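Content type compact mmCIF, C-alpha atoms and all ligand atoms, from the file query30.txt:
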```
# COMPACT_ATOMS: atom_id res chain seq x y z
CA MET A 3 0.00 0.00 0.00
CA SER A 4 1.22 3.46 -0.82
CA GLY A 5 -0.02 6.98 -0.28
CA PRO A 6 -1.41 9.29 -2.93
CA SER A 7 0.67 8.93 -6.08
CA VAL A 8 1.89 11.72 -8.29
CA ALA A 9 -0.22 10.44 -11.19
CA GLU A 10 -3.44 10.79 -9.22
CA TYR A 11 -2.66 14.45 -8.57
CA ARG A 12 -1.97 15.34 -12.21
CA GLY A 13 -3.58 18.72 -12.87
CA LEU A 14 -3.62 19.70 -9.19
CA PRO A 15 -1.11 21.97 -7.43
CA ALA A 16 1.87 20.13 -5.89
CA PRO A 17 1.15 21.49 -2.37
CA VAL A 18 -2.21 19.68 -2.40
CA ARG A 19 -0.51 16.32 -3.01
CA GLN A 20 2.15 17.09 -0.43
CA ALA A 21 -0.48 17.97 2.18
CA ASP A 22 -2.53 14.85 1.42
CA GLU A 23 0.40 12.54 2.12
CA ALA A 24 -0.57 12.98 5.78
CA VAL A 25 -3.94 11.29 5.22
CA PRO A 26 -2.83 7.63 4.82
CA GLN A 27 -0.18 8.26 7.48
CA LEU A 28 -2.93 9.18 9.94
CA TRP A 29 -5.25 6.19 9.41
CA ARG A 30 -2.28 3.81 9.44
CA ARG A 31 -1.04 5.27 12.71
CA LEU A 32 -4.51 4.70 14.16
CA GLY A 33 -4.48 1.08 12.94
CA LEU A 34 -7.50 1.62 10.68
CA PRO A 35 -8.14 -0.09 7.32
CA GLY A 36 -8.74 3.36 5.80
CA LEU A 37 -11.51 5.95 6.04
CA VAL A 38 -15.27 6.02 5.58
CA ASP A 39 -16.45 9.42 4.32
CA VAL A 40 -20.25 9.84 4.37
CA HIS A 41 -20.30 13.26 2.70
CA VAL A 42 -18.83 13.10 -0.82
CA HIS A 43 -20.41 14.45 -4.00
CA PHE A 44 -20.39 12.94 -7.47
CA LEU A 45 -23.00 14.57 -9.71
CA PRO A 46 -24.25 14.35 -13.29
CA PRO A 47 -21.90 16.46 -15.45
CA SER A 48 -24.39 19.29 -16.10
CA VAL A 49 -25.19 19.59 -12.38
CA LEU A 50 -21.55 19.48 -11.37
CA ALA A 51 -20.73 22.25 -13.89
CA ALA A 52 -23.51 24.40 -12.37
CA VAL A 53 -22.24 23.76 -8.83
CA TRP A 54 -18.67 24.67 -9.78
CA ALA A 55 -19.89 27.81 -11.58
CA TYR A 56 -21.68 28.75 -8.35
CA PHE A 57 -18.49 28.33 -6.31
CA ASP A 58 -16.66 30.45 -8.91
CA ARG A 59 -18.98 33.30 -7.87
CA ALA A 60 -18.69 32.49 -4.17
CA GLU A 61 -17.67 36.01 -3.24
CA GLU A 62 -21.03 37.27 -4.53
CA HIS A 63 -22.93 34.54 -2.66
CA TYR A 64 -20.91 34.06 0.50
CA GLY A 65 -18.65 37.12 0.65
CA VAL A 66 -15.60 34.87 0.52
CA ALA A 67 -13.71 33.06 -2.25
CA TRP A 68 -14.29 29.29 -2.39
CA PRO A 69 -11.88 27.73 -4.90
CA VAL A 70 -12.82 24.07 -5.50
CA THR A 71 -9.60 22.15 -4.82
CA TYR A 72 -10.29 18.86 -6.62
CA ARG A 73 -11.52 20.18 -9.95
CA VAL A 74 -10.75 17.15 -12.11
CA GLY A 75 -12.86 14.48 -13.82
CA ASP A 76 -14.97 11.80 -12.13
CA ASN A 77 -12.48 8.99 -12.75
CA GLU A 78 -9.60 11.08 -11.44
CA ARG A 79 -11.57 11.94 -8.30
CA VAL A 80 -12.40 8.28 -7.67
CA GLU A 81 -8.68 7.50 -7.96
CA LEU A 82 -7.85 10.35 -5.57
CA LEU A 83 -10.25 8.94 -2.96
CA ARG A 84 -8.69 5.49 -3.35
CA GLY A 85 -5.22 6.93 -2.96
CA LEU A 86 -6.30 8.71 0.23
CA GLY A 87 -7.65 5.40 1.56
CA VAL A 88 -11.35 6.31 1.50
CA ARG A 89 -12.82 2.79 1.36
CA ALA A 90 -16.48 3.81 1.19
CA PHE A 91 -18.16 7.01 0.05
CA PRO A 92 -21.58 7.99 -1.37
CA SER A 93 -22.29 10.20 -4.38
CA LEU A 94 -24.68 12.60 -2.66
CA ALA A 95 -26.85 14.46 -5.17
CA TYR A 96 -29.77 16.76 -4.34
CA PRO A 97 -32.46 18.56 -6.37
CA HIS A 98 -33.17 22.28 -6.33
CA LYS A 99 -36.59 21.89 -7.95
CA ALA A 100 -39.39 19.42 -8.60
CA GLY A 101 -39.06 16.79 -11.30
CA MET A 102 -35.33 16.31 -10.82
CA ALA A 103 -34.83 13.77 -8.02
CA ARG A 104 -35.83 10.65 -9.97
CA TRP A 105 -33.31 11.52 -12.69
CA LEU A 106 -30.60 12.21 -10.10
CA ASN A 107 -31.30 8.84 -8.47
CA ASP A 108 -30.98 7.02 -11.79
CA TRP A 109 -27.59 8.67 -12.21
CA THR A 110 -26.23 8.13 -8.66
CA LEU A 111 -27.40 4.49 -8.53
CA ALA A 112 -25.75 3.76 -11.91
CA PHE A 113 -22.58 5.59 -10.81
CA ALA A 114 -22.36 3.50 -7.64
CA ALA A 115 -22.96 0.30 -9.59
CA ARG A 116 -19.94 0.94 -11.81
CA THR A 117 -17.68 2.48 -9.13
CA SER A 118 -16.00 0.27 -6.59
CA GLY A 119 -16.09 1.83 -3.12
CA CYS A 120 -19.10 4.01 -3.96
CA VAL A 121 -22.18 3.35 -1.85
CA SER A 122 -25.55 3.71 -3.59
CA SER A 123 -27.26 6.95 -2.68
CA ALA A 124 -30.51 8.70 -3.55
CA THR A 125 -32.45 11.87 -2.85
CA PHE A 126 -35.98 13.33 -2.93
CA PHE A 127 -38.06 16.51 -3.14
CA PRO A 128 -41.59 17.23 -1.89
CA GLU A 129 -43.58 16.12 -4.96
CA PRO A 130 -46.42 13.65 -5.52
CA ASP A 131 -44.24 10.73 -6.66
CA ALA A 132 -41.58 11.16 -3.93
CA ALA A 133 -42.72 8.19 -1.83
CA ALA A 134 -42.84 5.98 -4.95
CA TYR A 135 -39.34 6.76 -6.20
CA VAL A 136 -37.84 6.60 -2.70
CA THR A 137 -39.30 3.11 -2.36
CA GLU A 138 -37.88 2.20 -5.77
CA ALA A 139 -34.46 3.53 -4.78
CA LEU A 140 -34.53 1.50 -1.55
CA GLU A 141 -35.44 -1.60 -3.56
CA ALA A 142 -32.60 -0.80 -5.96
CA GLY A 143 -30.19 -0.87 -3.02
CA ALA A 144 -29.82 2.79 -1.94
CA ARG A 145 -27.99 2.77 1.39
CA ILE A 146 -27.89 6.49 2.11
CA PHE A 147 -30.08 9.47 1.17
CA LYS A 148 -29.47 13.21 0.98
CA ALA A 149 -31.84 16.09 1.76
CA HIS A 150 -30.68 19.67 1.26
CA LEU A 151 -33.16 22.09 2.85
CA GLN A 152 -31.33 25.27 1.80
CA VAL A 153 -30.68 24.42 -1.87
CA GLY A 154 -34.04 22.62 -2.15
CA GLY A 155 -35.84 25.49 -0.43
CA TYR A 156 -38.54 23.16 0.92
CA ASP A 157 -40.17 22.57 4.27
CA PRO A 158 -39.13 19.13 5.56
CA THR A 159 -42.52 18.85 7.30
CA ASP A 160 -44.30 19.09 3.92
CA PRO A 161 -47.09 16.44 3.95
CA LEU A 162 -45.69 15.02 0.68
CA LEU A 163 -42.56 14.00 2.60
CA ARG A 164 -44.33 12.32 5.51
CA PRO A 165 -44.31 8.88 3.86
CA VAL A 166 -40.68 9.42 2.77
CA TRP A 167 -39.38 10.07 6.29
CA GLY A 168 -41.55 7.19 7.51
CA ARG A 169 -40.13 4.74 4.98
CA LEU A 170 -36.53 5.79 5.68
CA ALA A 171 -37.12 5.43 9.43
CA GLU A 172 -38.62 1.96 8.93
CA ALA A 173 -35.79 0.87 6.65
CA GLY A 174 -33.15 2.25 9.04
CA VAL A 175 -31.37 3.78 6.05
CA PRO A 176 -29.43 6.94 6.93
CA VAL A 177 -30.28 10.31 5.43
CA VAL A 178 -27.75 13.15 5.35
CA VAL A 179 -29.75 16.31 6.04
CA HIS A 180 -28.40 19.79 5.42
CA SER A 181 -30.56 21.58 7.98
CA GLY A 182 -28.06 24.12 9.30
CA SER A 183 -28.23 27.73 8.16
CA GLY A 184 -24.64 27.76 6.89
CA PRO A 185 -23.18 28.99 4.69
CA LEU A 186 -26.52 30.66 3.88
CA PRO A 187 -29.83 30.51 5.75
CA GLY A 188 -32.98 29.38 3.94
CA ALA A 189 -36.68 29.68 4.71
CA HIS A 190 -36.65 26.18 6.25
CA THR A 191 -33.13 25.82 7.66
CA GLY A 192 -32.24 25.85 11.34
CA PRO A 193 -32.96 23.14 13.91
CA GLY A 194 -36.70 23.94 14.12
CA PRO A 195 -38.19 22.45 10.92
CA PHE A 196 -36.04 19.30 10.90
CA GLY A 197 -36.48 19.00 14.67
CA GLU A 198 -40.21 18.74 13.97
CA VAL A 199 -39.53 15.88 11.50
CA LEU A 200 -37.60 14.08 14.24
CA ARG A 201 -40.41 14.65 16.71
CA ARG A 202 -42.73 12.82 14.30
CA HIS A 203 -40.16 10.17 13.26
CA PRO A 204 -38.01 9.73 16.38
CA ARG A 205 -36.28 6.60 15.03
CA LEU A 206 -35.09 8.27 11.81
CA ARG A 207 -31.41 7.53 11.15
CA ALA A 208 -30.38 11.09 10.35
CA VAL A 209 -26.93 12.54 9.78
CA ILE A 210 -26.88 16.31 10.30
CA ALA A 211 -24.55 17.65 7.61
CA HIS A 212 -21.78 20.05 8.68
CA ALA A 213 -22.76 19.31 12.31
CA GLY A 214 -25.60 21.75 11.72
CA MET A 215 -23.37 24.82 11.51
CA PRO A 216 -23.80 27.58 12.49
CA GLU A 217 -26.49 26.18 14.84
CA TYR A 218 -23.98 23.72 16.31
CA ALA A 219 -25.43 23.62 19.81
CA GLU A 220 -29.08 23.23 18.80
CA HIS A 221 -28.26 20.37 16.42
CA ALA A 222 -26.15 18.64 19.09
CA ASP A 223 -29.27 18.90 21.29
CA LEU A 224 -31.13 16.85 18.64
CA VAL A 225 -28.39 14.20 18.73
CA GLU A 226 -28.75 14.00 22.50
CA ARG A 227 -32.53 13.77 22.27
CA TYR A 228 -32.83 11.13 19.49
CA PRO A 229 -30.71 7.96 19.59
CA ASN A 230 -30.33 7.54 15.81
CA VAL A 231 -29.27 11.11 14.98
CA HIS A 232 -25.65 11.75 14.03
CA LEU A 233 -23.47 14.74 13.12
CA ASP A 234 -21.13 14.73 10.15
CA THR A 235 -17.84 16.59 10.36
CA THR A 236 -18.06 18.20 6.92
CA MET A 237 -15.92 21.38 7.01
CA VAL A 238 -16.16 21.39 10.82
CA ALA A 239 -13.21 22.91 12.71
CA THR A 240 -11.27 23.80 9.55
CA PRO A 241 -9.58 27.22 9.54
CA PHE A 242 -11.83 28.20 6.61
CA THR A 243 -15.01 27.47 8.60
CA GLU A 244 -13.76 28.77 11.93
CA ALA A 245 -13.23 32.17 10.25
CA LEU A 246 -16.83 32.19 8.99
CA MET A 247 -18.89 30.16 11.47
CA PRO A 248 -16.81 29.37 14.55
CA MET A 249 -18.09 26.63 16.83
CA PRO A 250 -18.86 27.49 20.45
CA ALA A 251 -15.85 27.15 22.76
CA GLU A 252 -17.43 24.27 24.71
CA HIS A 253 -18.47 22.38 21.55
CA PRO A 254 -15.46 20.04 21.29
CA ARG A 255 -16.41 18.67 24.72
CA ARG A 256 -19.89 17.89 23.42
CA LEU A 257 -18.41 16.21 20.34
CA ALA A 258 -16.27 14.09 22.66
CA ALA A 259 -19.34 12.98 24.62
CA LEU A 260 -21.20 12.16 21.38
CA ARG A 261 -18.31 10.05 20.09
CA ASP A 262 -20.41 7.19 18.70
CA ARG A 263 -22.58 9.55 16.67
CA VAL A 264 -20.04 11.83 15.01
CA VAL A 265 -19.04 10.63 11.56
CA LEU A 266 -16.46 11.73 9.01
CA GLY A 267 -17.78 13.87 6.16
CA THR A 268 -15.74 16.24 4.00
CA ASP A 269 -17.68 17.67 1.00
CA PHE A 270 -14.97 16.32 -1.34
CA PRO A 271 -14.38 17.55 -4.02
CA ASN A 272 -15.93 20.98 -3.42
CA ILE A 273 -13.62 22.09 -0.64
CA PRO A 274 -11.39 25.19 -0.65
CA TYR A 275 -8.42 23.32 0.91
CA PRO A 276 -6.74 19.90 0.67
CA TYR A 277 -8.55 16.81 2.04
CA ALA A 278 -5.83 16.56 4.69
CA THR A 279 -6.97 19.86 6.20
CA GLN A 280 -10.26 18.30 7.32
CA LEU A 281 -8.49 15.42 9.07
CA ASP A 282 -5.86 17.67 10.58
CA SER A 283 -8.61 19.92 11.97
CA LEU A 284 -10.27 16.93 13.64
CA VAL A 285 -6.94 15.78 15.08
CA ARG A 286 -6.41 19.28 16.49
CA LEU A 287 -9.63 19.05 18.48
CA ASP A 288 -7.48 16.76 20.64
CA LEU A 289 -10.28 14.36 21.57
CA GLY A 290 -8.05 11.28 21.53
CA ASP A 291 -7.22 8.38 19.20
CA ASP A 292 -10.30 6.34 20.20
CA TRP A 293 -12.49 9.28 19.21
CA LEU A 294 -10.69 9.52 15.86
CA ARG A 295 -11.08 5.76 15.24
CA ALA A 296 -14.81 5.97 15.90
CA VAL A 297 -15.31 9.07 13.75
CA LEU A 298 -13.00 8.21 10.85
CA TRP A 299 -14.04 4.57 10.52
CA SER A 300 -16.36 2.72 12.92
CA ASN A 301 -19.34 5.06 12.96
CA GLY A 302 -19.44 5.47 9.18
CA ALA A 303 -18.93 1.73 8.62
CA ARG A 304 -21.84 1.00 10.94
CA LEU A 305 -24.09 3.59 9.25
CA LEU A 306 -23.36 2.26 5.78
CA GLY A 307 -23.58 -1.37 6.86
CA LEU A 308 -20.01 -2.21 5.89
CA ASP A 309 -19.44 -4.67 8.71
CA ALA A 310 -19.75 -7.59 6.29
CA GLY A 311 -16.76 -6.35 4.30
CA VAL A 312 -15.55 -3.32 2.48
CA SER A 313 -15.56 -3.02 -1.28
CA GLY A 314 -12.92 -1.11 -3.11
CA THR A 315 -10.10 -2.06 -0.74
CA ARG A 316 -6.70 -2.30 -2.28
ZN ZN A 401 -22.12 18.73 0.70
```

Using structure tokens, write down the structure that the file contains.
Amino acid sequence: MSGPSVAEYRGLPAPVRQADEAVPQLWRRLGLPGLVDVHVHFLPPSVLAAVWAYFDRAEEHYGVAWPVTYRVGDNERVELLRGLGVRAFPSLAYPHKAGMARWLNDWTLAFAARTSGCVSSATFFPEPDAAAYVTEALEAGARIFKAHLQVGGYDPTDPLLRPVWGRLAEAGVPVVVHSGSGPLPGAHTGPGPFGEVLRRHPRLRAVIAHAGMPEYAEHADLVERYPNVHLDTTMVATPFTEALMPMPAEHPRRLAALRDRVVLGTDFPNIPYPYATQLDSLVRLDLGDDWLRAVLWSNGARLLGLDAGVSGTR
């Protein structure tokens, strides 16, 4: 086994490859077989182009530049993840309007089927056929879902979604929910609307994306209240995020206490820093090696049902 190779980083700045050499070094030091990253995006080409164009205008939207670090093709990004030792990752896609989710699901399910290490994922939108296509996606083997309340601009308590949350709760399949108001608030972001979903579906296996930033504390309250709710670490504690949406001073202590329900997420490839920066930021929280082992591997492996073996290992 070797670390990221030069070939995998063709087209990317040398400092990115140099920084990322620390990634395999870290999981090897911890005695892990690699990493499980529950928050990775692979998108249909037209959607990905639109997302990258949006990040190109980040200063207009967010007031800060957001250069996408891993701006290379799908195959190259799969190879980069393998080189980093990411043994399992989803291809989280999400719709911004009605009539789009079924098409996204066809794409993400096909992508996972042809990509070793990629876990089948799906998404939904409040629309009349949502329950039907979510059921179809579950039958097709979807093992993780994504709901983006800010980009989607919908109310998660919409009656059209009631059977969707119910089916996911019954199936015990995790759903990554972007309910925090960062980097931009939406009409239905914040812990309130999704908290209401959890009140109605208390067994839902939810993963709060970005640990719910900037409402870190209120989302951690939801994790404490509901036994199947998790936080993902996507962009959490990085210098980039701490400058924009710093976590409360006492928050690392809460993350330590919630060890079994904090799970590695990164937002690869749409991050304005090397992958290693996310891991380094988690190490710097100084919550101990057992915490890192749980977050970087065990919790994600449990959520994605990898206990029976990991595909894509090399
Ligand atoms: Zn994301």

Two-atom distance - atom CA of A:Thr243, atom CA of A:Val231 (Å)
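About the pair atom CA of A:Thr243 and atom CA of A:Val231: they are 22.6 Å apart.
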
Neighbours of ligand ZN 401 (chain A) at 7 Å or closer, counting all atoms listed in the file: which residues, as a list in words?
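With all atoms listed in the file and a cut-off of 7 Å, ligand ZN 401 (chain A) is contacted by His41, Val42, His43 and Asp269 of chain A.
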
Could you give me the axis-aligned bounding box of stretch 22-28 of chain A, with 8 Å of padding per side, as centre plus edge lengths in Å to one decimal, as lines of an AutoDock Vina configuration file?
```
center_x = -1.8
center_y = 11.2
center_z = 5.7
size_x = 20.3
size_y = 23.2
size_z = 24.5
```

Could you tell me, as a list in words, which residues have any atom at most 10 Å from (-29.7, 15.1, 16.0), counting all atoms listed in the file?
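Those within range, by chain then number, are Pro193, Phe196, Gly197, Leu200, Pro204, Leu206, Arg207, Ala208, Val209, Ile210, Ala213, Gly214, Glu220, His221, Ala222, Asp223, Leu224, Val225, Glu226, Arg227, Tyr228, Pro229, Asn230, Val231, His232, Leu233 and Arg263 of chain A.
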
Choose the residue, out of A:Gly36, A:Pro248, A:Pro158, A:Pro130, that has the smallest atom-to-atom separation from A:Gly184; count only C-alpha atoms.
A:Pro248

Can you tell me which residues surround stretch 14-27 of chain A at a distance of at most 7 Å, considering all atoms listed in the file, apart from same-chain residues fewer than 5 positions away, and format the answer as a PDB file with C-alpha atoms, in the frame of the given file?
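Result went into out.pdb, see below:
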```pdb
ATOM      1  CA  GLY A   5      -0.020   6.980  -0.280  1.00  0.00           C
ATOM      2  CA  PRO A   6      -1.410   9.290  -2.930  1.00  0.00           C
ATOM      3  CA  LEU A  86      -6.300   8.710   0.230  1.00  0.00           C
ATOM      4  CA  GLY A  87      -7.650   5.400   1.560  1.00  0.00           C
ATOM      5  CA  PRO A 276      -6.740  19.900   0.670  1.00  0.00           C
ATOM      6  CA  TYR A 277      -8.550  16.810   2.040  1.00  0.00           C
ATOM      7  CA  ALA A 278      -5.830  16.560   4.690  1.00  0.00           C
TER       8      ALA A 278
END
```

Nearest residue to A:Pro128 out of A:Trp105, A:Phe91, A:Tyr72, A:Trp167, using all atoms listed in the file?
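Checking each candidate against A:Pro128, we get A:Trp167 as the closest.
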
Pick from A:Gly65, A:Pro250, A:Gly155, A:Pro35 nearest to A:Ala189, counting all atoms listed in the file
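Checking each of A:Gly65, A:Pro250, A:Gly155, A:Pro35 against A:Ala189, counting all atoms listed in the file, the winner is A:Gly155.
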
Can you tell me which residues surround A:Val74 at a distance of at most 10 Å, considering only C-alpha atoms, apart from same-chain residues fewer than 6 positions away, and format the answer as a PyMOL selection string?
chain A and resi 11-14+82+271

Writing out the chosen residues with C-alpha atoms as a compact mmCIF listing (two decimals), in the frame of the given file:
```txt
# COMPACT_ATOMS: atom_id res chain seq x y z
CA TYR A 11 -2.66 14.45 -8.57
CA ARG A 12 -1.97 15.34 -12.21
CA GLY A 13 -3.58 18.72 -12.87
CA LEU A 14 -3.62 19.70 -9.19
CA LEU A 82 -7.85 10.35 -5.57
CA PRO A 271 -14.38 17.55 -4.02
```

Would you work out the distance separating atom CA of A:Pro185 from atom CA of A:Leu170, expressed in Å to one decimal?
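According to the coordinates, atom CA of A:Pro185 and atom CA of A:Leu170 are separated by 26.8 Å.
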
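Counting only C-alpha atoms, the residue from A:Pro216, A:Gly192, A:Gly290, A:Gly143 that sits nearest to A:Ala112 is A:Gly143.
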
Excluding A:Asn107 and any residue of its chain fewer than 4 positions from it, enumerate the residues within 7 Å of it, using only C-alpha atoms, and give them as a list of chain:residue names.
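My list of contacting residues is A:Ala103, A:Leu111, A:Ala124, A:Thr125.
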
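Closest approach to A:Asp282 from the set A:Phe44, A:Phe127, A:Trp29, A:Tyr135 is made by A:Trp29, with distances taken over all atoms listed in the file.
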